[in-house]
>>> print(open('query_28.cif').read())   # mmCIF, C-alpha atoms
data_final
loop_
_atom_site.group_PDB
_atom_site.id
_atom_site.type_symbol
_atom_site.label_atom_id
_atom_site.label_comp_id
_atom_site.auth_asym_id
_atom_site.auth_seq_id
_atom_site.Cartn_x
_atom_site.Cartn_y
_atom_site.Cartn_z
ATOM 1 C CA MET A 673 36.277 -7.873 16.336
ATOM 2 C CA THR A 674 35.288 -5.273 18.889
ATOM 3 C CA LEU A 675 31.994 -3.427 18.728
ATOM 4 C CA GLY A 676 33.802 -0.118 18.135
ATOM 5 C CA ARG A 677 35.732 -1.546 15.208
ATOM 6 C CA HIS A 678 32.547 -3.194 13.908
ATOM 7 C CA CYS A 679 30.706 0.131 13.987
ATOM 8 C CA GLY A 680 33.631 1.749 12.185
ATOM 9 C CA LEU A 681 33.336 -0.838 9.424
ATOM 10 C CA VAL A 682 29.623 -0.220 9.153
ATOM 11 C CA ALA A 683 30.120 3.557 9.100
ATOM 12 C CA ALA A 684 32.714 3.158 6.354
ATOM 13 C CA ALA A 685 30.216 1.130 4.332
ATOM 14 C CA PHE A 686 27.630 3.915 4.147
ATOM 15 C CA ILE A 687 26.884 5.515 0.841
ATOM 16 C CA VAL A 688 25.776 9.092 1.285
ATOM 17 C CA LEU A 689 22.053 9.325 0.702
ATOM 18 C CA SER A 690 20.071 12.504 0.490
ATOM 19 C CA ALA A 691 17.310 12.005 3.047
ATOM 20 C CA PRO A 692 14.313 14.267 2.639
ATOM 21 C CA ALA A 693 13.666 16.623 5.530
ATOM 22 C CA PHE A 694 10.438 16.575 7.497
ATOM 23 C CA ALA A 695 7.751 18.845 6.202
ATOM 24 C CA ASP A 696 7.497 21.787 8.579
ATOM 25 C CA PRO A 697 3.827 21.985 9.627
ATOM 26 C CA SER A 698 4.153 25.580 10.768
ATOM 27 C CA PRO A 699 6.758 28.299 10.302
ATOM 28 C CA SER A 700 7.507 28.350 14.041
ATOM 29 C CA ALA A 701 7.780 24.562 14.516
ATOM 30 C CA PRO A 702 11.275 23.263 15.300
ATOM 31 C CA LEU A 703 12.837 21.045 12.641
ATOM 32 C CA GLN A 704 14.042 18.482 15.175
ATOM 33 C CA SER A 705 13.577 17.450 18.771
ATOM 34 C CA ALA A 706 15.966 17.963 21.647
ATOM 35 C CA PRO A 707 18.793 15.428 21.930
ATOM 36 C CA LEU A 708 17.703 11.849 22.551
ATOM 37 C CA LYS A 709 17.823 10.720 26.155
ATOM 38 C CA LEU A 710 16.700 7.260 27.204
ATOM 39 C CA GLU A 711 15.664 6.614 30.787
ATOM 40 C CA PRO A 712 15.180 3.103 32.195
ATOM 41 C CA ALA A 713 11.716 1.613 31.588
ATOM 42 C CA LYS A 714 10.398 4.792 29.881
ATOM 43 C CA PRO A 715 9.499 4.064 26.232
ATOM 44 C CA VAL A 716 10.511 6.693 23.695
ATOM 45 C CA GLU A 717 8.840 6.884 20.299
ATOM 46 C CA LEU A 718 10.916 8.103 17.367
ATOM 47 C CA THR A 719 9.344 9.097 14.075
ATOM 48 C CA CYS A 720 11.908 9.126 11.299
ATOM 49 C CA ARG A 721 11.791 10.329 7.717
ATOM 50 C CA SER A 722 14.268 8.174 5.846
ATOM 51 C CA LYS A 723 15.524 7.101 2.467
ATOM 52 C CA SER A 724 16.739 3.584 1.804
ATOM 53 C CA VAL A 725 18.597 1.941 -1.027
ATOM 54 C CA VAL A 726 18.541 -1.808 -1.563
ATOM 55 C CA VAL A 727 21.902 -2.532 -3.171
ATOM 56 C CA SER A 728 21.796 -6.334 -3.275
ATOM 57 C CA THR A 729 20.062 -6.536 -6.633
ATOM 58 C CA ASN A 730 21.480 -5.557 -10.016
ATOM 59 C CA ALA A 731 19.485 -2.304 -9.996
ATOM 60 C CA ALA A 732 19.472 -0.178 -6.854
ATOM 61 C CA ASN A 733 15.963 0.333 -5.510
ATOM 62 C CA ALA A 734 15.407 3.535 -3.526
ATOM 63 C CA THR A 735 12.351 4.313 -1.413
ATOM 64 C CA ASN A 736 11.581 6.960 1.164
ATOM 65 C CA GLY A 737 8.944 7.556 3.789
ATOM 66 C CA ASN A 738 8.202 7.559 7.496
ATOM 67 C CA LEU A 739 9.196 4.975 10.053
ATOM 68 C CA THR A 740 8.178 4.919 13.724
ATOM 69 C CA LEU A 741 10.254 3.072 16.316
ATOM 70 C CA THR A 742 9.724 2.518 20.043
ATOM 71 C CA LEU A 743 12.875 2.336 22.190
ATOM 72 C CA VAL A 744 13.113 1.209 25.837
ATOM 73 C CA LEU A 745 16.252 1.202 27.968
ATOM 74 C CA LYS A 746 16.169 -1.763 30.355
ATOM 75 C CA ASP A 747 19.513 -2.564 31.977
ATOM 76 C CA THR A 748 21.768 0.380 32.772
ATOM 77 C CA ALA A 749 24.058 -1.771 34.952
ATOM 78 C CA ALA A 750 25.184 -3.759 31.908
ATOM 79 C CA LYS A 751 28.185 -2.462 29.980
ATOM 80 C CA PRO A 752 27.045 -1.306 27.485
ATOM 81 C CA ALA A 753 23.563 -0.499 28.755
ATOM 82 C CA THR A 754 20.926 -2.581 26.990
ATOM 83 C CA GLY A 755 17.280 -2.380 26.075
ATOM 84 C CA ALA A 756 14.796 -3.233 23.376
ATOM 85 C CA TRP A 757 13.252 -1.636 20.324
ATOM 86 C CA ARG A 758 10.373 -2.425 18.053
ATOM 87 C CA ILE A 759 8.853 -1.209 14.827
ATOM 88 C CA ALA A 760 5.650 0.660 15.604
ATOM 89 C CA ALA A 761 4.769 1.717 12.033
ATOM 90 C CA VAL A 762 6.196 2.155 8.550
ATOM 91 C CA ASP A 763 4.802 3.646 5.352
ATOM 92 C CA PRO A 764 3.626 0.771 3.110
ATOM 93 C CA ALA A 765 5.361 2.283 0.059
ATOM 94 C CA HIS A 766 8.707 2.505 1.923
ATOM 95 C CA THR A 767 9.559 -1.051 0.889
ATOM 96 C CA GLY A 768 13.335 -0.653 1.285
ATOM 97 C CA SER A 769 13.026 0.523 4.889
ATOM 98 C CA LEU A 770 14.272 -1.477 7.837
ATOM 99 C CA GLY A 771 10.664 -1.189 9.041
ATOM 100 C CA GLN A 772 9.507 -3.381 6.156
ATOM 101 C CA ARG A 773 12.479 -5.764 6.166
ATOM 102 C CA GLU A 774 12.560 -6.256 9.944
ATOM 103 C CA GLY A 775 8.796 -5.904 10.444
ATOM 104 C CA LYS A 776 8.191 -9.449 11.616
ATOM 105 C CA THR A 777 11.456 -9.898 13.510
ATOM 106 C CA CYS A 778 11.152 -6.617 15.413
ATOM 107 C CA ALA A 779 7.367 -6.307 15.673
ATOM 108 C CA GLU A 780 7.578 -7.154 19.379
ATOM 109 C CA THR A 781 11.206 -6.666 20.393
ATOM 110 C CA CYS A 782 14.784 -6.568 19.143
ATOM 111 C CA PRO A 783 17.898 -5.685 21.166
ATOM 112 C CA LEU A 784 19.438 -2.250 21.530
ATOM 113 C CA THR A 785 22.665 -1.122 23.140
ATOM 114 C CA LEU A 786 23.545 2.329 24.394
ATOM 115 C CA ALA A 787 27.053 3.384 23.371
ATOM 116 C CA ALA A 788 29.301 5.340 25.740
ATOM 117 C CA ASP A 789 28.673 8.493 23.649
ATOM 118 C CA GLY A 790 24.894 8.128 24.145
ATOM 119 C CA ASN A 791 24.199 6.952 20.594
ATOM 120 C CA VAL A 792 21.652 4.146 20.360
ATOM 121 C CA GLU A 793 22.540 0.991 18.417
ATOM 122 C CA LEU A 794 19.567 -1.016 17.137
ATOM 123 C CA TRP A 795 20.255 -4.660 16.245
ATOM 124 C CA SER A 796 18.320 -7.384 14.478
ATOM 125 C CA PRO A 797 18.131 -10.204 15.185
ATOM 126 C CA ALA A 798 20.987 -9.841 17.747
ATOM 127 C CA PRO A 799 24.353 -8.082 18.127
ATOM 128 C CA LYS A 800 26.975 -9.920 16.101
ATOM 129 C CA ALA A 801 30.236 -9.055 14.345
ATOM 130 C CA ILE A 802 30.020 -8.964 10.553
ATOM 131 C CA ASP A 803 32.926 -11.386 10.185
ATOM 132 C CA LYS A 804 30.954 -13.962 12.200
ATOM 133 C CA LEU A 805 27.965 -13.991 9.804
ATOM 134 C CA ALA A 806 27.369 -17.172 7.826
ATOM 135 C CA ASP A 807 26.467 -16.985 4.141
ATOM 136 C CA GLY A 808 22.838 -15.851 3.871
ATOM 137 C CA GLU A 809 22.604 -14.889 7.568
ATOM 138 C CA TRP A 810 20.987 -11.462 8.092
ATOM 139 C CA LEU A 811 22.145 -8.667 10.376
ATOM 140 C CA LEU A 812 20.814 -5.150 10.815
ATOM 141 C CA LEU A 813 22.753 -2.480 12.668
ATOM 142 C CA ALA A 814 21.112 0.931 12.895
ATOM 143 C CA VAL A 815 22.521 3.845 14.858
ATOM 144 C CA VAL A 816 20.517 6.813 16.118
ATOM 145 C CA LYS A 817 22.835 9.714 16.974
ATOM 146 C CA ALA A 818 21.768 11.076 20.359
ATOM 147 C CA ALA A 819 22.745 14.693 19.644
ATOM 148 C CA THR A 820 21.193 15.073 16.180
ATOM 149 C CA LEU A 821 18.622 12.234 15.964
ATOM 150 C CA ASP A 822 20.149 11.159 12.650
ATOM 151 C CA LEU A 823 19.440 7.541 11.727
ATOM 152 C CA ARG A 824 21.852 5.365 9.747
ATOM 153 C CA ALA A 825 21.262 1.675 9.120
ATOM 154 C CA THR A 826 23.025 -1.095 7.239
ATOM 155 C CA THR A 827 21.606 -4.551 6.588
ATOM 156 C CA PHE A 828 23.958 -7.385 5.741
ATOM 157 C CA SER A 829 23.398 -10.781 4.162
ATOM 158 C CA GLY A 830 26.467 -12.743 5.115
ATOM 159 C CA LYS A 831 29.352 -10.330 4.761
ATOM 160 C CA GLN A 832 27.711 -8.424 1.888
ATOM 161 C CA ILE A 833 25.759 -5.170 2.247
ATOM 162 C CA GLU A 834 22.098 -5.758 1.449
ATOM 163 C CA SER A 835 20.694 -2.267 2.036
ATOM 164 C CA LEU A 836 21.474 1.185 3.414
ATOM 165 C CA GLU A 837 19.137 3.661 5.051
ATOM 166 C CA GLU A 838 19.492 7.117 6.543
ATOM 167 C CA GLY A 839 17.204 9.820 7.754
ATOM 168 C CA THR A 840 16.257 12.291 10.427
ATOM 169 C CA CYS A 841 14.134 11.464 13.455
ATOM 170 C CA ARG A 842 12.237 13.330 16.099
ATOM 171 C CA VAL A 843 10.891 12.278 19.453
ATOM 172 C CA GLY A 844 7.138 11.685 19.448
ATOM 173 C CA SER A 845 4.843 11.174 16.511
#
>>> encode(input="query_28.cif", output="structure tokens")
Amino acid sequence: MTLGRHCGLVAAAFIVLSAPAFADPSPSAPLQSAPLKLEPAKPVELTCRSKSVVVSTNAANATNGNLTLTLVLKDTAAKPATGAWRIAAVDPAHTGSLGQREGKTCAETCPLTLAADGNVELWSPAPKAIDKLADGEWLLLAVVKAATLDLRATTFSGKQIESLEEGTCRVGS
């Protein structure tokens, strides 16, 4: 399965969530940052306000809160360009967030790829096609849209969706 087809499957799996917008600290403050641009070896911090739904249990569990990620582009010669990301912070009450679930795995580093359209794909523990997952094996694929800074993430356990998350990010804290 190609990465493009894999991402299409993940996108098709999303349930529309209503992510809360950032509180606007002042009437003149912009609601979002400029489009995301990663430059080699220059870390970028994204602060995201997101809502997640854990769908693997009998009752869906929804949480929302803030999540801070650090992204670094490393190899622009690779096709696709690659880098690393890590979880810098997550609200303790946002228990459904990828920040809580991937906290230990991505505390130091997890892989990222830069799609041809500039969107950033965050993986944990590593890029892998869904149809290659063994029963009980975990996979996270999160996409940050470069133009809008929208975040969408799906976590799988085997071939089943474990959780969904979406939100809006901005560069800086």
>>> resolve_selection(input="query_28.cif", expression="the PyMOL selection byres ((chain A and resi 742) around 8)", output="list of chain:residue names")
A:Pro715, A:Val716, A:Glu717, A:Leu718, A:Thr740, A:Leu741, A:Leu743, A:Val744, A:Trp757, A:Arg758, A:Ile759, A:Ala760
>>> atom_distance(input="query_28.cif", atom1="atom CA of Thr748 of chain A", atom2="atom CA of Ile802 of chain A")
25.5 Å
>>> closest_residue(input="query_28.cif", among="A:Ala753, A:Val726, A:Ala825, A:Leu708", to="Leu812 of chain A", atoms="all atoms listed in the file")
A:Ala825
>>> residues_around(input="query_28.cif", residues="Thr820 of chain A", least_positions_apart="5", cutoff="12 Å", atoms="all atoms listed in the file", output="NGL selection string")
:A and (703-709 or 790-792 or 815 or 839-843)
>>> residues_around(input="query_28.cif", residues="Asp789 of chain A", least_positions_apart="3", cutoff="10 Å", atoms="all atoms listed in the file", output="PyMOL selection string")
chain A and resi 786+792+817-819
